[in-house]
Amino acid sequence: MRIMGAHHDPVQPYLIQLKMEQFLLDFAERAYFDYSLTTEIASLFLA
């Protein structure tokens, strides 16, 4: 399937769940990293 004028092909339906799972895992990892980094920086100022 091709959409006229699109720069990329649309995601195939069978890949949507896999891509959504990967997106959520990446988001969770970034959120944890941001939280732990913020906590570490805060502890430097509060120590």
# chains A, B, ... in the order shown; residues from 1 in each chain; ligands from 1
$ select_by_dssp --residues "chain A" --states "alpha helix (DSSP H)" --output "ChimeraX atom specification"
/A:13-46
$ atom_distance --atom1 "atom CA of A:Leu24" --atom2 "atom CA of A:Thr39"
22.2 Å
